[in-house]
>>> print(open('query_22.cif').read())   # mmCIF, C-alpha atoms
data_model
loop_
_atom_site.label_atom_id
_atom_site.label_comp_id
_atom_site.auth_asym_id
_atom_site.auth_seq_id
_atom_site.Cartn_x
_atom_site.Cartn_y
_atom_site.Cartn_z
CA PRO A 236 -31.57 16.80 70.46
CA LEU A 237 -30.36 13.88 68.39
CA SER A 238 -31.59 11.54 71.13
CA ASP A 239 -35.16 12.28 70.00
CA THR A 240 -34.68 10.65 66.59
CA PRO A 241 -34.86 6.83 67.11
CA ARG A 242 -38.68 6.87 67.13
CA GLN A 243 -38.61 8.45 63.65
CA GLN A 244 -36.45 5.71 62.18
CA ALA A 245 -38.98 3.81 60.05
CA ALA A 246 -40.44 6.91 58.40
CA VAL A 247 -37.03 8.38 57.62
CA GLN A 248 -35.70 5.09 56.22
CA ASP A 249 -38.57 5.02 53.70
CA LEU A 250 -37.85 8.60 52.62
CA VAL A 251 -34.13 7.87 52.28
CA LEU A 252 -34.76 4.97 49.89
CA GLN A 253 -36.99 7.19 47.74
CA LEU A 254 -34.44 10.00 47.60
CA GLU A 255 -31.49 7.73 46.80
CA ARG A 256 -33.24 6.58 43.63
CA GLU A 257 -33.43 10.20 42.45
CA SER A 258 -30.05 11.73 43.37
CA PRO A 259 -29.56 14.75 41.06
CA THR A 260 -25.77 15.09 41.35
CA ALA A 261 -23.45 13.17 39.05
CA ALA A 262 -20.20 11.95 40.67
CA PRO A 263 -21.19 13.27 44.12
CA ALA A 264 -17.96 12.12 45.81
CA ARG A 265 -15.99 14.41 43.47
CA SER A 266 -18.41 17.33 43.59
CA SER A 267 -17.62 20.73 45.13
CA LEU A 268 -21.27 20.72 46.24
CA LEU A 269 -20.05 18.69 49.24
CA ASP A 270 -18.11 21.69 50.54
CA GLY A 271 -19.57 23.49 53.54
CA THR A 272 -21.01 22.65 56.93
CA TRP A 273 -23.73 20.03 57.34
CA CYS A 274 -25.84 19.15 60.38
CA VAL A 275 -26.68 15.51 61.04
CA LYS A 276 -30.48 15.47 61.13
CA PHE A 277 -30.94 11.71 61.35
CA PRO A 278 -27.99 9.64 62.62
CA ALA A 279 -27.36 6.02 61.71
CA PHE A 280 -29.21 3.64 64.03
CA PHE A 281 -28.40 -0.07 64.02
CA GLY A 282 -31.01 -2.80 64.37
CA PRO A 283 -30.78 -5.27 67.26
CA GLY A 284 -28.51 -8.26 66.85
CA LEU A 285 -29.26 -11.89 67.62
CA ILE A 286 -27.71 -11.26 71.04
CA ASP A 287 -28.17 -7.72 72.36
CA SER A 288 -24.83 -7.43 74.13
CA PRO A 289 -24.21 -4.24 76.12
CA THR A 290 -20.89 -3.87 74.26
CA ARG A 291 -22.39 -4.38 70.78
CA GLU A 292 -22.43 -0.65 69.95
CA LEU A 293 -18.77 -0.31 70.94
CA ALA A 294 -17.82 -3.23 68.70
CA ILE A 295 -19.71 -1.74 65.72
CA SER A 296 -18.06 1.64 66.29
CA LEU A 297 -14.58 0.08 66.31
CA TYR A 298 -15.38 -1.89 63.14
CA THR A 299 -16.83 0.94 61.07
CA GLY A 300 -14.93 3.93 62.51
CA GLY A 301 -16.04 7.53 62.77
CA ILE A 302 -18.13 9.55 65.21
CA LYS A 303 -21.52 7.83 65.38
CA PRO A 304 -24.10 9.68 67.48
CA GLY A 305 -26.70 7.01 66.71
CA LEU A 306 -24.52 4.33 68.31
CA LEU A 307 -23.88 6.56 71.32
CA ILE A 308 -27.61 7.11 71.77
CA GLN A 309 -28.29 3.37 71.56
CA LEU A 310 -25.54 2.73 74.10
CA LEU A 311 -26.95 5.37 76.48
CA ASP A 312 -30.36 3.68 76.26
CA LYS A 313 -28.81 0.57 77.82
CA LEU A 314 -27.32 2.37 80.80
CA PRO A 315 -29.06 2.43 84.20
CA ALA A 316 -31.41 5.40 84.61
CA PRO A 317 -29.10 7.59 86.76
CA ALA A 318 -26.17 7.21 84.37
CA ALA A 319 -28.26 7.61 81.20
CA GLY A 320 -29.80 10.82 82.53
CA ALA A 321 -26.36 12.31 83.18
CA LEU A 322 -25.30 12.05 79.53
CA SER A 323 -26.76 13.46 76.34
CA VAL A 324 -25.87 13.57 72.64
CA ASP A 325 -27.19 16.82 71.21
CA LYS A 326 -25.67 17.75 67.87
CA LEU A 327 -23.18 16.66 65.21
CA THR A 328 -21.89 18.94 62.46
CA VAL A 329 -19.57 17.95 59.61
CA THR A 330 -17.59 20.41 57.50
CA PHE A 331 -16.20 19.31 54.13
CA ALA A 332 -13.57 21.35 52.28
CA GLY A 333 -11.71 20.98 49.01
CA GLY A 334 -14.34 18.88 47.25
CA GLY A 335 -13.25 18.14 43.70
CA GLY A 336 -9.69 19.23 44.51
CA SER A 337 -6.47 17.38 45.22
CA SER A 338 -6.65 17.37 49.04
CA PRO A 339 -10.23 17.34 50.37
CA SER A 340 -10.75 17.16 54.13
CA ALA A 341 -13.48 16.81 56.74
CA GLU A 342 -14.02 18.00 60.30
CA ALA A 343 -16.76 16.53 62.54
CA THR A 344 -17.82 18.03 65.88
CA LEU A 345 -20.06 16.19 68.33
CA GLU A 346 -21.70 18.29 71.05
CA GLY A 347 -23.39 16.97 74.16
CA SER A 348 -23.38 17.20 77.93
CA VAL A 349 -22.06 15.27 80.92
CA LEU A 350 -23.68 15.96 84.29
CA GLY A 351 -25.15 19.16 82.89
CA SER A 352 -21.83 20.49 81.56
CA ALA A 353 -21.37 21.03 77.83
CA VAL A 354 -18.71 18.92 76.13
CA SER A 355 -17.50 18.67 72.54
CA VAL A 356 -15.33 16.24 70.60
CA THR A 357 -13.88 17.04 67.16
CA THR A 358 -12.14 14.82 64.62
CA ARG A 359 -10.27 15.99 61.54
CA SER A 360 -9.63 13.72 58.60
CA SER A 361 -8.38 13.54 55.04
CA LEU A 362 -10.63 12.44 52.20
CA MET A 363 -9.86 10.74 48.91
CA ALA A 364 -12.37 10.03 46.17
CA VAL A 365 -11.91 6.40 45.16
CA SER A 366 -14.84 6.44 42.72
CA ASP A 367 -17.63 8.80 41.66
CA SER A 368 -19.67 7.87 44.73
CA ARG A 369 -17.10 6.62 47.27
CA LEU A 370 -14.78 8.51 49.60
CA ARG A 371 -11.97 7.10 51.69
CA GLU A 372 -11.79 8.93 55.03
CA THR A 373 -8.69 8.70 57.25
CA TYR A 374 -8.69 10.22 60.73
CA LEU A 375 -5.66 12.40 61.46
CA GLU A 376 -6.43 14.46 64.56
CA ALA A 377 -8.82 14.59 67.50
CA ALA A 378 -9.76 17.41 69.85
CA PHE A 379 -11.58 17.41 73.18
CA MET A 380 -12.90 20.72 74.46
CA GLY A 381 -10.60 22.59 72.07
CA ASN A 382 -7.39 20.67 72.89
CA SER A 383 -6.09 19.03 69.71
CA VAL A 384 -3.95 15.90 69.55
CA PRO A 385 -2.52 14.41 66.32
CA LEU A 386 -3.39 10.73 66.10
CA PRO A 387 -0.48 8.26 66.06
CA GLN A 388 -0.23 6.21 62.87
CA ALA A 389 -1.71 3.16 64.60
CA PHE A 390 -4.86 5.09 65.47
CA GLN A 391 -5.40 6.73 62.07
CA VAL A 392 -8.48 4.65 61.30
CA SER A 393 -9.87 4.68 57.75
CA ARG A 394 -13.35 3.96 56.47
CA THR A 395 -15.27 4.16 53.19
CA LEU A 396 -18.15 6.62 52.81
CA ILE A 397 -20.71 6.19 50.03
CA VAL A 398 -22.47 9.37 48.92
CA THR A 399 -25.91 8.09 47.92
CA TYR A 400 -27.67 11.47 47.62
CA LEU A 401 -26.47 15.06 47.23
CA ASP A 402 -28.21 18.29 46.33
CA ASP A 403 -27.90 21.91 47.47
CA ASP A 404 -29.45 21.26 50.87
CA LEU A 405 -29.45 17.52 51.62
CA LEU A 406 -26.75 14.85 51.87
CA ILE A 407 -27.12 11.11 52.54
CA LEU A 408 -24.07 9.02 53.44
CA ARG A 409 -23.59 5.32 54.11
CA ASP A 410 -20.45 3.58 55.38
CA GLU A 411 -19.43 -0.10 55.29
CA SER A 412 -22.28 -0.92 57.66
CA GLY A 413 -24.78 0.18 55.00
CA VAL A 414 -26.82 2.25 57.47
CA PRO A 415 -27.75 5.73 56.14
CA GLU A 416 -27.06 9.06 57.81
CA VAL A 417 -29.03 12.13 56.72
CA LEU A 418 -27.43 15.59 56.83
CA GLU A 419 -28.82 19.04 56.07
CA ARG A 420 -26.69 21.98 54.93
CA ALA A 421 -26.25 24.47 57.75
CA SER A 422 -27.40 28.04 57.23
CA LEU A 423 -24.79 30.79 57.42
CA ASP A 424 -26.30 32.12 60.65
CA MET A 425 -26.66 28.65 62.19
CA GLY A 426 -27.00 28.69 65.96
CA ALA A 427 -27.98 26.14 68.54
CA GLU A 428 -31.53 27.41 68.55
CA SER A 429 -31.90 26.98 64.78
CA TRP A 430 -31.23 23.23 64.82
CA ALA A 431 -34.06 20.75 65.17
CA PRO A 432 -34.34 17.01 64.46
CA VAL A 433 -36.23 15.72 61.43
CA GLU A 434 -39.94 15.43 62.19
CA ALA A 435 -41.46 12.15 61.08
CA ALA A 436 -44.79 13.91 60.63
CA SER A 437 -43.37 15.76 57.65
CA ALA A 438 -43.14 12.50 55.67
#
>>> encode(input="query_22.cif", output="structure tokens")
Amino acid sequence: PLSDTPRQQAAVQDLVLQLERESPTAAPARSSLLDGTWCVKFPAFFGPGLIDSPTRELAISLYTGGIKPGLLIQLLDKLPAPAAGALSVDKLTVTFAGGGGSSPSAEATLEGSVLGSAVSVTTRSSLMAVSDSRLRETYLEAAFMGNSVPLPQAFQVSRTLIVTYLDDDLLILRDESGVPEVLERASLDMGAESWAPVEAASA
């Protein structure tokens, strides 16, 4: 599950910096290569602040927007043992469509469990390329366990995504926080058993 990835943080960060210097795709934010479904292999984890408040992760999430499994994992780590053991963050997939066109969009689905029962949360958003490497994402709709609700105008949060690396199989994104998120293109026959977190030993 995604909750296994914090211990791999240092090794993955080094690899990310190397890859970003060698991105092979020109104008990645406008590229149709973005289209398709991607699995988050290494979510964005935030370093400790000067004061490690128990609400720090919630504040960062509100500031930067978006579904952030890394923040959820860090928040779960601060909960008392019984509560932390009842919750898990297992998988996040993101599907981009319309890359390079006039109305690109994104759909993100977070899967996990609460007290042993599977749960899922999905957000749907519009995308707009504001430069060759930057996308403006605006959230339009949310769904919990398949029940969709359009977001009122006041809750249609926007954020900027920076595409720092893109090839056929790998995507690296950063938002205003500057913390990278690593995604791998999903195979056509992707199933739960085919997903596995990045192994630091492969560095």
>>> closest_atom_pairs(input="query_22.cif", of="range 315-420 of chain A", to="range 273-277 of chain A", cutoff="8 Å", atoms="all atoms listed in the file", output="JSON lines")
{"residue": "A:Lys326", "atom": "CA", "partner": "A:Val275", "partner_atom": "CA", "distance": 7.3}
{"residue": "A:Leu327", "atom": "CA", "partner": "A:Val275", "partner_atom": "CA", "distance": 5.6}
{"residue": "A:Thr328", "atom": "CA", "partner": "A:Cys274", "partner_atom": "CA", "distance": 4.5}
{"residue": "A:Val329", "atom": "CA", "partner": "A:Trp273", "partner_atom": "CA", "distance": 5.2}
{"residue": "A:Thr330", "atom": "CA", "partner": "A:Trp273", "partner_atom": "CA", "distance": 6.2}
{"residue": "A:Glu416", "atom": "CA", "partner": "A:Phe277", "partner_atom": "CA", "distance": 5.9}
{"residue": "A:Val417", "atom": "CA", "partner": "A:Phe277", "partner_atom": "CA", "distance": 5.0}
{"residue": "A:Leu418", "atom": "CA", "partner": "A:Val275", "partner_atom": "CA", "distance": 4.3}
{"residue": "A:Glu419", "atom": "CA", "partner": "A:Cys274", "partner_atom": "CA", "distance": 5.2}
{"residue": "A:Arg420", "atom": "CA", "partner": "A:Trp273", "partner_atom": "CA", "distance": 4.3}
>>> resolve_selection(input="query_22.cif", expression="the PyMOL selection byres ((chain A and resi 266) around 10)", output="ChimeraX atom specification")
/A:260-265,267-270,333-336,364,367-368,401
>>> resolve_selection(input="query_22.cif", expression="the PyMOL selection byres ((chain A and resi 343) around 12)", output="ChimeraX atom specification")
/A:271-275,301-304,326-332,340-342,344-346,355-361,372,374-379
>>> closest_residue(input="query_22.cif", among="A:Val414, A:Val349, A:Ala421, A:Val365", to="Val247 in chain A", atoms="all atoms listed in the file")
A:Val414
>>> atom_distance(input="query_22.cif", atom1="CA of Gly351 in chain A", atom2="CA of Ser323 in chain A")
8.8 Å
>>> atom_distance(input="query_22.cif", atom1="CA of Leu405 in chain A", atom2="CA of Ser338 in chain A")
22.9 Å
>>> residues_around(input="query_22.cif", residues="Thr373 in chain A", least_positions_apart="3", cutoff="8 Å", atoms="all atoms listed in the file", output="PDB file with C-alpha atoms, keeping the file's coordinate frame")
ATOM      1  CA  SER A 360      -9.630  13.720  58.600  1.00  0.00           C
ATOM      2  CA  SER A 361      -8.380  13.540  55.040  1.00  0.00           C
ATOM      3  CA  LEU A 362     -10.630  12.440  52.200  1.00  0.00           C
ATOM      4  CA  GLN A 391      -5.400   6.730  62.070  1.00  0.00           C
ATOM      5  CA  VAL A 392      -8.480   4.650  61.300  1.00  0.00           C
ATOM      6  CA  SER A 393      -9.870   4.680  57.750  1.00  0.00           C
ATOM      7  CA  ARG A 394     -13.350   3.960  56.470  1.00  0.00           C
TER       8      ARG A 394
END
>>> atom_distance(input="query_22.cif", atom1="CA of Ser383 in chain A", atom2="CA of Ser352 in chain A")
19.8 Å
>>> closest_residue(input="query_22.cif", among="A:Val324, A:Leu386, A:Ser412, A:Ser258", to="Ser348 in chain A", atoms="all atoms listed in the file")
A:Val324
>>> residues_around(input="query_22.cif", residues="Thr399 in chain A", least_positions_apart="3", cutoff="6 Å", atoms="all atoms listed in the file", output="list in words")
Glu255, Ile407 and Leu408 of chain A
>>> residues_around(input="query_22.cif", residues="Leu396 in chain A", least_positions_apart="6", cutoff="6 Å", atoms="all atoms listed in the file", output="ChimeraX atom specification")
/A:369-370,409-410
>>> closest_residue(input="query_22.cif", among="A:Ala389, A:Ser422, A:Met380, A:Leu250", to="Asp403 in chain A", atoms="all atoms listed in the file")
A:Ser422
>>> closest_residue(input="query_22.cif", among="A:Val251, A:Ala353, A:Met363, A:Ile397", to="Ser337 in chain A", atoms="all atoms listed in the file")
A:Met363
